[in-house]
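Novice: Structure: upload-v3.tsv, TSV, C-alpha atoms.
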```tsv
chain	number	residue	atom	x	y	z
N	434	MET	CA	-7.85	-33.39	25.14
N	435	PRO	CA	-4.03	-33.19	25.46
N	436	THR	CA	-2.13	-29.96	26.07
N	437	ASN	CA	0.36	-29.13	23.30
N	438	LYS	CA	3.30	-27.05	24.54
N	439	PHE	CA	5.41	-24.87	22.25
N	440	ASP	CA	7.68	-21.84	22.49
N	441	VAL	CA	5.88	-19.83	19.80
N	442	ILE	CA	2.33	-20.22	18.54
N	443	ILE	CA	1.40	-18.66	15.20
N	444	VAL	CA	-2.31	-18.38	14.45
N	445	GLY	CA	-2.82	-18.23	10.68
N	446	ALA	CA	-0.81	-19.69	7.79
N	447	GLY	CA	-1.17	-16.94	5.20
N	448	PRO	CA	1.85	-14.92	4.01
N	449	ALA	CA	2.44	-13.27	7.41
N	450	GLY	CA	2.21	-16.52	9.36
N	451	CYS	CA	4.31	-18.46	6.86
N	452	ALA	CA	6.97	-15.72	6.77
N	453	CYS	CA	7.13	-15.81	10.55
N	454	ALA	CA	7.44	-19.61	10.63
N	455	LEU	CA	10.09	-19.64	7.90
N	456	LYS	CA	12.24	-17.07	9.70
N	457	LEU	CA	11.96	-19.12	12.91
N	458	ALA	CA	13.69	-22.07	11.23
N	459	ASP	CA	17.04	-22.95	12.83
N	460	THR	CA	16.35	-20.78	15.89
N	461	GLY	CA	15.98	-23.77	18.19
N	462	LEU	CA	12.45	-22.65	19.08
N	463	GLN	CA	9.55	-25.07	18.82
N	464	VAL	CA	6.75	-23.52	16.79
N	465	ALA	CA	3.09	-24.37	16.26
N	466	VAL	CA	1.09	-22.99	13.32
N	467	LEU	CA	-2.67	-23.14	13.83
N	468	GLU	CA	-4.67	-22.78	10.62
N	469	LYS	CA	-8.47	-22.91	10.48
N	470	ALA	CA	-8.56	-23.99	6.81
N	471	THR	CA	-6.97	-26.89	4.93
N	472	PHE	CA	-4.45	-26.01	2.21
N	473	PRO	CA	-4.67	-25.34	-0.65
N	474	ARG	CA	-7.37	-22.81	0.15
N	475	ASP	CA	-8.66	-19.69	-1.62
N	476	LYS	CA	-8.21	-16.16	-0.27
N	477	THR	CA	-10.27	-13.36	-1.77
N	478	CYS	CA	-7.71	-10.86	-3.05
N	479	GLY	CA	-6.50	-9.05	-6.15
N	480	ASP	CA	-3.85	-11.77	-6.74
N	481	ALA	CA	-1.09	-9.28	-7.60
N	482	LEU	CA	2.42	-9.91	-6.25
N	483	SER	CA	4.19	-6.57	-6.27
N	484	ILE	CA	7.91	-6.09	-6.77
N	485	ASP	CA	8.06	-5.55	-3.02
N	486	VAL	CA	6.71	-9.08	-2.46
N	487	ILE	CA	9.35	-10.56	-4.75
N	488	ASN	CA	12.05	-8.57	-2.97
N	489	GLN	CA	10.95	-10.07	0.36
N	490	LEU	CA	11.49	-13.69	-0.64
N	491	PRO	CA	15.33	-13.77	-0.49
N	492	PHE	CA	15.09	-12.38	3.05
N	493	LEU	CA	13.07	-15.46	3.97
N	494	SER	CA	15.76	-17.64	2.39
N	495	GLU	CA	17.61	-17.94	-0.90
N	496	LYS	CA	16.09	-21.41	-1.24
N	497	ILE	CA	12.59	-19.94	-1.23
N	498	ALA	CA	13.57	-17.24	-3.74
N	499	ALA	CA	14.93	-19.95	-6.05
N	500	ALA	CA	11.80	-22.06	-5.58
N	501	PHE	CA	9.63	-19.09	-6.52
N	502	SER	CA	11.65	-18.58	-9.71
N	503	ALA	CA	10.73	-22.15	-10.66
N	504	PHE	CA	7.11	-21.73	-9.50
N	505	LEU	CA	4.95	-22.18	-12.60
N	506	ALA	CA	1.58	-20.84	-11.44
N	507	LYS	CA	2.43	-17.20	-12.13
N	508	ILE	CA	2.81	-14.74	-14.99
N	509	PRO	CA	4.96	-11.58	-15.03
N	510	ALA	CA	3.36	-8.12	-14.98
N	511	TYR	CA	5.50	-5.27	-16.26
N	512	GLY	CA	3.41	-2.26	-15.36
N	513	VAL	CA	0.08	-0.67	-14.55
N	514	THR	CA	-2.47	1.08	-16.76
N	515	ILE	CA	-4.48	3.84	-15.10
N	516	PHE	CA	-7.88	4.67	-16.60
N	517	SER	CA	-9.15	8.11	-15.57
N	518	PRO	CA	-12.80	9.09	-15.00
N	519	ASP	CA	-12.84	11.01	-18.32
N	520	HIS	CA	-11.77	7.86	-20.26
N	521	GLN	CA	-8.07	8.60	-20.76
N	522	GLN	CA	-5.50	5.92	-20.05
N	523	LEU	CA	-1.84	6.03	-19.04
N	524	ASN	CA	0.64	3.15	-19.11
N	525	ILE	CA	3.25	3.23	-16.33
N	526	PRO	CA	5.97	0.54	-16.47
N	527	PHE	CA	7.38	-0.92	-13.28
N	528	LEU	CA	10.90	0.10	-12.33
N	529	HIS	CA	13.32	-1.98	-10.28
N	530	LYS	CA	16.81	-0.76	-9.41
N	531	ASN	CA	16.74	1.72	-12.33
N	532	LYS	CA	15.84	-1.03	-14.77
N	533	LYS	CA	12.65	-2.43	-16.21
N	534	GLY	CA	11.12	-4.58	-13.49
N	535	CYS	CA	8.18	-6.86	-13.03
N	536	GLY	CA	5.79	-8.08	-10.43
N	537	TYR	CA	3.82	-11.28	-10.84
N	538	LEU	CA	0.23	-12.39	-10.91
N	539	SER	CA	-0.75	-15.61	-9.20
N	540	THR	CA	-3.94	-16.67	-7.45
N	541	ARG	CA	-3.76	-16.69	-3.69
N	542	LEU	CA	-4.84	-20.33	-3.87
N	543	ASP	CA	-1.52	-21.06	-5.60
N	544	PHE	CA	0.83	-18.51	-4.00
N	545	ASP	CA	-0.25	-19.12	-0.41
N	546	TYR	CA	0.04	-22.87	-0.96
N	547	PHE	CA	3.54	-22.32	-2.34
N	548	LEU	CA	4.58	-20.59	0.91
N	549	PHE	CA	2.75	-23.16	3.01
N	550	GLN	CA	4.67	-25.98	1.35
N	551	GLN	CA	7.95	-24.32	2.28
N	552	VAL	CA	6.83	-24.26	5.93
N	553	GLN	CA	5.91	-27.94	5.79
N	554	GLU	CA	9.59	-28.77	5.29
N	555	LEU	CA	10.68	-27.19	8.59
N	556	THR	CA	11.57	-29.67	11.32
N	557	ASN	CA	10.93	-27.29	14.24
N	558	VAL	CA	7.44	-26.29	13.05
N	559	SER	CA	4.29	-28.32	13.67
N	560	ILE	CA	1.28	-27.42	11.53
N	561	PHE	CA	-2.29	-27.99	12.68
N	562	GLN	CA	-4.81	-27.55	9.86
N	563	ASN	CA	-8.58	-27.43	10.27
N	564	CYS	CA	-7.83	-25.91	13.66
N	565	THR	CA	-10.45	-23.47	14.95
N	566	VAL	CA	-9.48	-21.22	17.86
N	567	HIS	CA	-12.24	-20.96	20.45
N	568	GLN	CA	-10.59	-18.97	23.23
N	569	VAL	CA	-7.28	-17.24	23.90
N	570	LEU	CA	-6.10	-16.44	27.42
N	571	ASN	CA	-3.01	-14.74	28.78
N	572	LEU	CA	-2.22	-16.64	31.98
N	573	GLY	CA	0.71	-14.42	32.91
N	574	SER	CA	3.42	-17.04	32.60
N	575	LYS	CA	2.12	-18.33	29.25
N	576	VAL	CA	-0.57	-18.00	26.59
N	577	SER	CA	-3.28	-20.64	26.48
N	578	ILE	CA	-5.26	-21.28	23.30
N	579	GLU	CA	-8.30	-23.54	23.30
N	580	THR	CA	-9.12	-25.13	19.91
N	581	ASN	CA	-11.15	-27.96	18.45
N	582	LEU	CA	-7.88	-29.94	18.29
N	583	GLY	CA	-7.00	-29.46	21.93
N	584	LEU	CA	-5.24	-26.97	24.18
N	585	PHE	CA	-2.08	-25.17	23.07
N	586	GLU	CA	0.30	-23.33	25.37
N	587	GLY	CA	3.19	-21.06	24.43
N	588	ASP	CA	5.41	-18.26	25.65
N	589	ILE	CA	4.19	-15.89	22.93
N	590	VAL	CA	1.48	-15.90	20.27
N	591	VAL	CA	1.64	-14.26	16.84
N	592	GLY	CA	-1.67	-13.15	15.38
N	593	ALA	CA	-1.38	-13.77	11.65
N	594	ASP	CA	-5.03	-14.63	11.20
N	595	GLY	CA	-6.16	-11.85	8.91
N	596	ALA	CA	-8.78	-9.14	8.92
N	597	HIS	CA	-11.02	-10.92	11.43
N	598	SER	CA	-8.18	-11.92	13.72
N	599	VAL	CA	-9.24	-13.81	16.84
N	600	ILE	CA	-5.95	-12.79	18.46
N	601	ALA	CA	-6.63	-9.10	17.80
N	602	LYS	CA	-10.16	-9.45	19.14
N	603	SER	CA	-8.92	-11.23	22.26
N	604	PHE	CA	-5.96	-9.01	23.14
N	605	SER	CA	-6.02	-5.77	21.15
N	606	GLN	CA	-8.21	-2.69	20.83
N	607	ILE	CA	-8.23	-2.86	17.01
N	608	LYS	CA	-11.77	-2.65	15.69
N	609	VAL	CA	-13.45	-1.96	12.38
N	610	GLU	CA	-13.51	1.78	11.64
N	611	LYS	CA	-15.22	2.48	8.35
N	612	GLU	CA	-12.92	5.41	7.55
N	613	HIS	CA	-9.94	3.06	7.84
N	614	TYR	CA	-11.50	-0.03	6.27
N	615	SER	CA	-12.19	-0.93	2.68
N	616	ALA	CA	-14.94	-3.09	1.27
N	617	GLY	CA	-14.01	-5.21	-1.72
N	618	ILE	CA	-15.51	-7.75	-4.10
N	619	ARG	CA	-13.87	-10.10	-6.58
N	620	VAL	CA	-14.91	-12.43	-9.39
N	621	TYR	CA	-12.75	-14.54	-11.71
N	622	TYR	CA	-13.47	-14.21	-15.43
N	623	GLU	CA	-12.35	-16.08	-18.52
N	624	GLY	CA	-12.12	-14.53	-21.97
N	625	VAL	CA	-11.71	-10.82	-21.15
N	626	THR	CA	-10.34	-9.16	-24.31
N	627	GLN	CA	-7.86	-6.34	-25.03
N	628	MET	CA	-5.47	-7.19	-22.20
N	629	HIS	CA	-2.03	-5.52	-22.35
N	630	PRO	CA	0.58	-7.71	-24.10
N	631	GLU	CA	2.93	-7.31	-21.10
N	632	ASN	CA	0.21	-8.12	-18.58
N	633	PHE	CA	-0.12	-4.60	-17.19
N	634	ILE	CA	-2.54	-4.55	-14.27
N	635	GLU	CA	-5.47	-2.19	-14.80
N	636	LEU	CA	-6.86	0.36	-12.36
N	637	HIS	CA	-10.10	2.00	-13.48
N	638	PHE	CA	-11.15	5.15	-11.64
N	639	PHE	CA	-14.86	5.87	-12.07
N	640	LYS	CA	-16.45	8.94	-10.50
N	641	ALA	CA	-19.21	6.88	-8.89
N	642	ILE	CA	-16.77	4.82	-6.79
N	643	LEU	CA	-14.02	7.31	-5.89
N	644	PRO	CA	-11.81	7.15	-3.89
N	645	GLY	CA	-11.99	3.47	-4.83
N	646	TYR	CA	-11.30	1.79	-8.13
N	647	LEU	CA	-12.20	-1.17	-10.30
N	648	TRP	CA	-9.34	-3.51	-11.16
N	649	ILE	CA	-8.65	-6.02	-13.89
N	650	PHE	CA	-5.60	-8.21	-13.28
N	651	PRO	CA	-4.58	-10.81	-15.87
N	652	LEU	CA	-3.98	-14.36	-14.65
N	653	PRO	CA	-2.53	-17.54	-16.17
N	654	GLY	CA	-4.77	-19.45	-18.56
N	655	ASN	CA	-6.56	-16.49	-20.22
N	656	LYS	CA	-8.26	-15.67	-16.94
N	657	ALA	CA	-8.60	-12.40	-15.06
N	658	ASN	CA	-9.23	-11.25	-11.53
N	659	VAL	CA	-11.86	-8.52	-11.67
N	660	GLY	CA	-12.89	-6.57	-8.62
N	661	LEU	CA	-13.85	-3.35	-6.97
N	662	GLY	CA	-12.64	-1.77	-3.73
N	663	ILE	CA	-13.86	1.34	-1.94
N	664	LEU	CA	-13.74	2.83	1.55
N	665	SER	CA	-16.42	1.36	3.80
N	666	SER	CA	-17.34	4.86	4.99
N	667	VAL	CA	-18.12	5.83	1.39
N	668	VAL	CA	-20.13	2.64	0.84
N	669	ALA	CA	-22.23	3.45	3.90
N	670	ALA	CA	-22.65	7.16	3.11
N	671	ARG	CA	-23.72	6.53	-0.49
N	672	LYS	CA	-25.59	3.28	0.29
N	673	LEU	CA	-23.68	1.54	-2.50
N	674	ASN	CA	-24.38	-2.00	-3.62
N	675	LEU	CA	-20.94	-3.08	-4.82
N	676	LYS	CA	-22.17	-6.10	-6.77
N	677	GLU	CA	-24.60	-3.93	-8.71
N	678	GLN	CA	-21.93	-1.28	-9.27
N	679	LEU	CA	-19.49	-3.86	-10.64
N	680	GLN	CA	-21.97	-5.54	-12.96
N	681	ASN	CA	-23.31	-2.21	-14.21
N	682	LEU	CA	-19.81	-0.96	-15.07
N	683	LEU	CA	-18.79	-4.19	-16.79
N	684	GLN	CA	-21.97	-4.38	-18.83
N	685	THR	CA	-22.58	-0.75	-19.78
N	686	HIS	CA	-19.44	1.36	-19.51
N	687	PRO	CA	-17.94	2.09	-22.97
N	688	ALA	CA	-14.42	1.27	-21.74
N	689	LEU	CA	-15.46	-2.19	-20.54
N	690	ALA	CA	-18.67	-3.47	-22.14
N	691	GLU	CA	-17.10	-4.66	-25.40
N	692	ARG	CA	-14.21	-6.33	-23.57
N	693	PHE	CA	-16.61	-8.33	-21.38
N	694	LYS	CA	-19.14	-9.09	-24.11
N	695	GLU	CA	-18.01	-12.70	-24.50
N	696	ALA	CA	-16.31	-13.07	-21.11
N	697	GLN	CA	-17.64	-15.68	-18.71
N	698	PRO	CA	-17.60	-15.44	-14.89
N	699	LEU	CA	-16.05	-18.53	-13.30
N	700	GLU	CA	-17.58	-18.03	-9.85
N	701	SER	CA	-20.09	-16.02	-7.92
N	702	VAL	CA	-18.98	-12.61	-6.63
N	703	LYS	CA	-16.91	-12.91	-3.44
N	704	GLY	CA	-16.81	-10.12	-0.85
N	705	PHE	CA	-14.04	-9.26	1.62
N	706	GLY	CA	-12.84	-6.52	3.95
N	707	LEU	CA	-9.48	-4.77	4.11
N	708	PRO	CA	-8.24	-3.22	7.39
N	709	LEU	CA	-6.15	-0.33	6.08
N	710	GLY	CA	-2.91	0.97	7.54
N	711	SER	CA	-4.19	4.54	7.43
N	712	LYS	CA	-3.73	5.08	11.17
N	713	LYS	CA	-1.29	3.82	13.79
N	714	ARG	CA	-2.61	1.09	16.02
N	715	LYS	CA	-1.44	-0.82	19.08
N	716	ILE	CA	-0.29	-4.11	17.55
N	717	SER	CA	1.37	-5.81	20.49
N	718	GLY	CA	0.95	-6.39	24.21
N	719	GLU	CA	1.90	-8.87	26.88
N	720	ARG	CA	2.85	-12.13	25.13
N	721	PHE	CA	1.33	-11.26	21.75
N	722	LEU	CA	2.26	-9.63	18.44
N	723	LEU	CA	0.00	-8.90	15.46
N	724	THR	CA	1.19	-9.20	11.86
N	725	GLY	CA	-0.14	-8.60	8.35
N	726	ASP	CA	-3.85	-7.92	7.98
N	727	ALA	CA	-4.39	-8.69	11.67
N	728	ALA	CA	-2.22	-5.64	12.39
N	729	ALA	CA	-4.04	-3.58	9.72
N	730	LEU	CA	-0.96	-3.01	7.53
N	731	ILE	CA	-2.69	-2.88	4.14
N	732	ASP	CA	-1.65	-0.02	1.86
N	733	PRO	CA	-4.53	2.52	1.90
N	734	LEU	CA	-4.05	3.52	-1.74
N	735	SER	CA	-3.40	0.25	-3.56
N	736	GLY	CA	-5.06	-2.18	-1.16
N	737	GLU	CA	-1.93	-4.35	-1.37
N	738	GLY	CA	-1.09	-6.23	1.79
N	739	ILE	CA	1.10	-9.23	0.95
N	740	GLY	CA	4.42	-7.34	1.00
N	741	ASN	CA	3.77	-5.81	4.41
N	742	ALA	CA	2.43	-9.14	5.68
N	743	ILE	CA	5.70	-10.89	4.84
N	744	ARG	CA	7.76	-7.96	6.15
N	745	SER	CA	5.86	-7.87	9.44
N	746	GLY	CA	6.37	-11.61	9.86
N	747	ARG	CA	10.11	-11.09	9.47
N	748	ILE	CA	10.16	-8.18	11.93
N	749	ALA	CA	8.12	-10.23	14.41
N	750	VAL	CA	10.74	-13.00	14.40
N	751	ALA	CA	13.62	-10.57	15.07
N	752	HIS	CA	11.64	-9.30	18.05
N	753	ILE	CA	10.67	-12.78	19.25
N	754	ILE	CA	14.33	-13.81	19.33
N	755	SER	CA	14.99	-10.78	21.56
N	756	CYS	CA	12.10	-11.77	23.82
N	757	PHE	CA	13.58	-15.20	24.44
N	758	ALA	CA	17.11	-13.85	24.80
N	759	LYS	CA	15.99	-11.41	27.50
N	760	LYS	CA	13.20	-13.64	28.85
N	761	ASP	CA	10.90	-10.64	28.57
N	762	PHE	CA	7.48	-10.96	26.94
N	763	SER	CA	5.94	-7.92	28.60
N	764	ALA	CA	3.76	-5.31	26.92
N	765	GLU	CA	6.40	-2.68	27.66
N	766	PHE	CA	9.16	-4.65	25.97
N	767	ASN	CA	6.93	-5.50	23.00
N	768	LYS	CA	6.35	-1.82	22.28
N	769	SER	CA	9.66	-1.89	20.42
N	770	TYR	CA	7.98	-4.22	17.89
N	771	ASP	CA	5.33	-1.56	17.19
N	772	ARG	CA	8.01	1.09	16.82
N	773	GLU	CA	9.98	-1.01	14.35
N	774	ILE	CA	6.91	-1.84	12.28
N	775	TYR	CA	5.98	1.81	11.88
N	776	ARG	CA	9.60	2.88	11.39
N	777	ARG	CA	9.79	0.52	8.45
N	778	MET	CA	6.31	1.03	7.00
N	779	GLY	CA	4.82	4.17	8.52
N	780	LYS	CA	6.07	6.69	5.97
N	781	GLU	CA	4.68	4.83	2.98
N	782	LEU	CA	1.37	4.11	4.71
N	783	LYS	CA	1.01	7.82	5.57
N	784	VAL	CA	1.77	8.90	2.00
N	785	SER	CA	-0.67	6.36	0.61
N	786	ARG	CA	-3.36	7.62	2.97
N	787	THR	CA	-2.87	11.17	1.69
N	788	LEU	CA	-3.01	9.99	-1.93
N	789	GLN	CA	-6.11	7.96	-1.17
N	790	MET	CA	-7.82	11.14	0.02
N	791	LEU	CA	-6.69	13.00	-3.12
N	792	CYS	CA	-8.28	10.27	-5.23
N	793	ARG	CA	-11.67	11.62	-4.12
N	794	TYR	CA	-11.25	14.26	-6.82
N	795	SER	CA	-11.96	13.03	-10.34
N	796	TRP	CA	-10.56	16.23	-11.91
N	797	LEU	CA	-7.20	15.59	-10.25
N	798	ILE	CA	-6.94	12.04	-11.61
N	799	ASN	CA	-7.96	13.31	-15.04
N	800	PHE	CA	-5.26	15.98	-14.85
N	801	ILE	CA	-2.47	13.61	-13.79
N	802	VAL	CA	-3.28	11.08	-16.51
N	803	ARG	CA	-3.50	13.80	-19.15
N	804	ARG	CA	-0.16	15.33	-18.11
N	805	GLY	CA	1.40	11.87	-17.96
N	806	ASN	CA	0.50	11.33	-21.58
N	807	GLN	CA	1.74	14.79	-22.59
N	808	SER	CA	5.03	14.88	-20.68
N	809	LYS	CA	7.85	12.33	-20.66
N	810	TYR	CA	9.07	13.93	-17.44
N	811	VAL	CA	5.74	13.31	-15.70
N	812	GLN	CA	5.52	9.73	-16.94
N	813	GLN	CA	9.06	9.03	-15.74
N	814	PHE	CA	8.23	10.60	-12.40
N	815	LEU	CA	5.17	8.37	-11.99
N	816	THR	CA	7.24	5.32	-12.93
N	817	GLU	CA	9.77	6.16	-10.23
N	818	ALA	CA	7.00	6.93	-7.73
N	819	LEU	CA	5.75	3.35	-8.00
N	820	ALA	CA	9.15	2.10	-6.85
N	821	ASN	CA	10.30	4.78	-4.38
N	822	VAL	CA	8.35	6.14	-1.43
N	823	GLU	CA	10.56	9.25	-1.31
N	824	VAL	CA	9.43	10.08	-4.83
N	825	LYS	CA	5.84	9.02	-4.15
N	826	LYS	CA	5.50	11.40	-1.20
N	827	LEU	CA	6.00	14.34	-3.57
N	828	LEU	CA	2.60	13.44	-5.01
N	829	ALA	CA	1.12	14.53	-1.70
N	830	ASN	CA	2.65	18.01	-2.00
N	831	PRO	CA	0.44	20.69	-3.61
N	832	LEU	CA	3.55	22.23	-5.21
N	833	PHE	CA	3.93	19.10	-7.31
N	834	TYR	CA	0.69	19.83	-9.16
N	835	PHE	CA	1.72	23.42	-9.75
N	836	ARG	CA	4.93	22.15	-11.36
N	837	LEU	CA	2.90	19.79	-13.56
N	838	PHE	CA	1.46	22.78	-15.38
N	839	LYS	CA	4.98	23.85	-16.41
N	840	SER	CA	6.57	20.45	-17.12
N	841	LYS	CA	7.31	19.33	-20.64
```
What does the file become when written as structure tokens?

Specialist:
Amino acid sequence: MPTNKFDVIIVGAGPAGCACALKLADTGLQVAVLEKATFPRDKTCGDALSIDVINQLPFLSEKIAAAFSAFLAKIPAYGVTIFSPDHQQLNIPFLHKNKKGCGYLSTRLDFDYFLFQQVQELTNVSIFQNCTVHQVLNLGSKVSIETNLGLFEGDIVVGADGAHSVIAKSFSQIKVEKEHYSAGIRVYYEGVTQMHPENFIELHFFKAILPGYLWIFPLPGNKANVGLGILSSVVAARKLNLKEQLQNLLQTHPALAERFKEAQPLESVKGFGLPLGSKKRKISGERFLLTGDAAALIDPLSGEGIGNAIRSGRIAVAHIISCFAKKDFSAEFNKSYDREIYRRMGKELKVSRTLQMLCRYSWLINFIVRRGNQSKYVQQFLTEALANVEVKKLLANPLFYFRLFKSK
């Protein structure tokens, strides 16, 4: 088979890989994107595009931001509804730049294909679909990647190939740690009733699955993404069967049973794993960088990873340009990539980890939801916390809960 030579090789064409490829446009670098699937392809996920995701798009290009505005396979979501273990509920609207804001809901089949199509237009990027990576070697002067489509060589490789990254397995020490990994399942439904008129996403906290939650996210066409996520360490300790837990809650819980009485599943239950950003990891080395889920940058509290995937792809490109400018692809030089990733994301990941641990306590969730319904100040605080990490980190301070008792 022929040897394909490029400057940069990106393994994976999800949001991280596409963001990286898009930011490499007009750099003069020749780029290969190796993707094991053929687009459009499904990705098991919650299908929520946070405000952070939307904010990332203009940084990829104004053209892409405009294309997303015209993208039809999405619906706006204006907030989140939290359901506490004692059956209270609290509506929290999204806030963006001190105004009412919205995220969007779109299946990963549609959103990832949207990004992929933008990459297809780039003249300096060659895409290889149905490309399975068999072996990755650092040969010192280059990286060599053996695939079913032939041999690829490049100066640097970007691992954007998700939770089971072959690049991470080949070059990094990242491994599955149940305390920093979440198990999840998803099933699409049609005909779920009593959805919020402004498409609020729903997070249901049930005592049996804490510190995880059950979600219901509305989708276009009267459909919904329904799923459950929980720490793998908790699944193992309690010997939980997530499929049974999900079906039992949907069929018998008073907050859900009536809403799902006439609802129809559109698929079998799909399972997936989430490498959480709840600890710092080594995400680079000689001639490689890891991005997105491959770098374990998923928010430990929400399970959201698309925003950080796109952001890490952007940061990777800024670093790659420096590598070529200095002709330095060493592990020592690439440490600055790790530092920049955690400078930009570390604070929020740390806060989310703390809040994830606090969500072990059902009484605390009950208390917050109750006070949110009783106090305009508390509700406004929670609204701002969704949009601002500096506000959110106050939730990790015990003094905050003391002040809740006195707030009006």

Novice: Using all atoms listed in the file, which residue out of N:Leu815, N:Ala510, N:Ile743, N:Ala669 lies closest to Pro491 of chain N?

Specialist: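 Looking at the shortest contact to Pro491 of chain N, the residue is N:Ile743.
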
Novice: Smallest atom-to-atom distance to Ala465 of chain N: which of N:Tyr646, N:Phe516, N:Phe585, N:Phe721, using only C-alpha atoms?

Specialist: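 Checking each of N:Tyr646, N:Phe516, N:Phe585, N:Phe721 against Ala465 of chain N, counting only C-alpha atoms, the winner is N:Phe585.
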
Novice: Would you mind listing what lies within 12 Å of Leu730 of chain N as a tab-separated table (two decimals) with C-alpha atoms, in the coordinates of the input, with only C-alpha atoms counted and same-chain residues fewer than 4 positions away left out?

Specialist:
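Output (result_14.tsv):
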```tsv
chain	number	residue	atom	x	y	z
N	449	ALA	CA	2.44	-13.27	7.41
N	593	ALA	CA	-1.38	-13.77	11.65
N	595	GLY	CA	-6.16	-11.85	8.91
N	596	ALA	CA	-8.78	-9.14	8.92
N	607	ILE	CA	-8.23	-2.86	17.01
N	613	HIS	CA	-9.94	3.06	7.84
N	614	TYR	CA	-11.50	-0.03	6.27
N	707	LEU	CA	-9.48	-4.77	4.11
N	708	PRO	CA	-8.24	-3.22	7.39
N	709	LEU	CA	-6.15	-0.33	6.08
N	710	GLY	CA	-2.91	0.97	7.54
N	711	SER	CA	-4.19	4.54	7.43
N	712	LYS	CA	-3.73	5.08	11.17
N	713	LYS	CA	-1.29	3.82	13.79
N	714	ARG	CA	-2.61	1.09	16.02
N	715	LYS	CA	-1.44	-0.82	19.08
N	716	ILE	CA	-0.29	-4.11	17.55
N	723	LEU	CA	0.00	-8.90	15.46
N	724	THR	CA	1.19	-9.20	11.86
N	725	GLY	CA	-0.14	-8.60	8.35
N	726	ASP	CA	-3.85	-7.92	7.98
N	734	LEU	CA	-4.05	3.52	-1.74
N	735	SER	CA	-3.40	0.25	-3.56
N	736	GLY	CA	-5.06	-2.18	-1.16
N	737	GLU	CA	-1.93	-4.35	-1.37
N	738	GLY	CA	-1.09	-6.23	1.79
N	739	ILE	CA	1.10	-9.23	0.95
N	740	GLY	CA	4.42	-7.34	1.00
N	741	ASN	CA	3.77	-5.81	4.41
N	742	ALA	CA	2.43	-9.14	5.68
N	743	ILE	CA	5.70	-10.89	4.84
N	744	ARG	CA	7.76	-7.96	6.15
N	745	SER	CA	5.86	-7.87	9.44
N	746	GLY	CA	6.37	-11.61	9.86
N	771	ASP	CA	5.33	-1.56	17.19
N	774	ILE	CA	6.91	-1.84	12.28
N	775	TYR	CA	5.98	1.81	11.88
N	777	ARG	CA	9.79	0.52	8.45
N	778	MET	CA	6.31	1.03	7.00
N	779	GLY	CA	4.82	4.17	8.52
N	781	GLU	CA	4.68	4.83	2.98
N	782	LEU	CA	1.37	4.11	4.71
N	783	LYS	CA	1.01	7.82	5.57
N	785	SER	CA	-0.67	6.36	0.61
N	786	ARG	CA	-3.36	7.62	2.97
```

Novice: Pick the closest to Asn821 of chain N from N:Phe650, N:Thr565, N:Ile798, N:Asp485: which is it, counting only C-alpha atoms?

Specialist: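 Under the stated criterion, the closest residue is N:Asp485.
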
Novice: Can you work out which one of N:Asn658, N:Thr514, N:Gln562, N:Gln813 has the shortest atom-to-atom distance to Arg619 of chain N, counting only C-alpha atoms?

Specialist: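 Among the listed residues, the smallest separation from Arg619 of chain N belongs to N:Asn658.
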
Novice: Each side padded by 8 Å, which centre and which edge lengths in Å (one decimal) define the axis-aligned box around the listed atoms of segment 754-757 of chain N? Give them as JSON.

Specialist:
```
{"center_x": 13.5, "center_y": -13.0, "center_z": 21.9, "size_x": 18.9, "size_y": 20.4, "size_z": 21.1}
```

Novice: At a cut-off of 6 Å around the point (-10.2, -2.6, -14.3) (file coordinates), what residues fall inside when counting only C-alpha atoms? I'd like the answer as a ChimeraX atom specification.

Specialist: /N:635-637,647-649

Novice: Generate a file of the selected residues that holds C-alpha atoms, formatted as a PDB file, in the frame of the given file.

Specialist:
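Final file, out-v8.pdb:
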```
ATOM      1  CA  GLU N 635      -5.470  -2.190 -14.800  1.00  0.00           C
ATOM      2  CA  LEU N 636      -6.860   0.360 -12.360  1.00  0.00           C
ATOM      3  CA  HIS N 637     -10.100   2.000 -13.480  1.00  0.00           C
ATOM      4  CA  LEU N 647     -12.200  -1.170 -10.300  1.00  0.00           C
ATOM      5  CA  TRP N 648      -9.340  -3.510 -11.160  1.00  0.00           C
ATOM      6  CA  ILE N 649      -8.650  -6.020 -13.890  1.00  0.00           C
TER       7      ILE N 649
END
```

Novice: Pick out the residues sitting within 7 Å of Gly536 of chain N, and hand them over as a list in words; count all atoms listed in the file, and ignore anything fewer than 2 positions along from it in its own chain.

Specialist: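 Final neighbour list, sorted by chain and number: Leu482, Ser483, Ile484, Pro509, Ala510 and Tyr511 of chain N.
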
Novice: Given all atoms listed in the file as the basis, pick out the residue of N:Leu542, N:Leu675, N:Ile497, N:Ala727 nearest to Gly450 of chain N.

Specialist: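 Closest to Gly450 of chain N of all the choices is N:Ala727.
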
Novice: Extract segment 603-615 of chain N from the coordinates I pasted, and write it as an mmCIF file, in the first residue's frame (atoms kept: C-alpha atoms).

Specialist:
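That gives us result.cif:
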```cif
data_model
loop_
_atom_site.group_PDB
_atom_site.id
_atom_site.type_symbol
_atom_site.label_atom_id
_atom_site.label_comp_id
_atom_site.auth_asym_id
_atom_site.auth_seq_id
_atom_site.Cartn_x
_atom_site.Cartn_y
_atom_site.Cartn_z
ATOM 1 C CA SER N 603 -0.577 4.052 22.001
ATOM 2 C CA PHE N 604 1.182 7.092 23.464
ATOM 3 C CA SER N 605 -0.403 8.151 26.754
ATOM 4 C CA GLN N 606 -0.859 6.758 30.251
ATOM 5 C CA ILE N 607 -4.581 7.623 30.319
ATOM 6 C CA LYS N 608 -6.630 4.622 31.373
ATOM 7 C CA VAL N 609 -10.137 3.962 32.621
ATOM 8 C CA GLU N 610 -10.446 4.820 36.317
ATOM 9 C CA LYS N 611 -13.945 4.130 37.576
ATOM 10 C CA GLU N 612 -13.883 7.084 39.983
ATOM 11 C CA HIS N 613 -13.192 9.380 37.017
ATOM 12 C CA TYR N 614 -15.399 7.669 34.448
ATOM 13 C CA SER N 615 -19.137 7.704 33.936
#
```
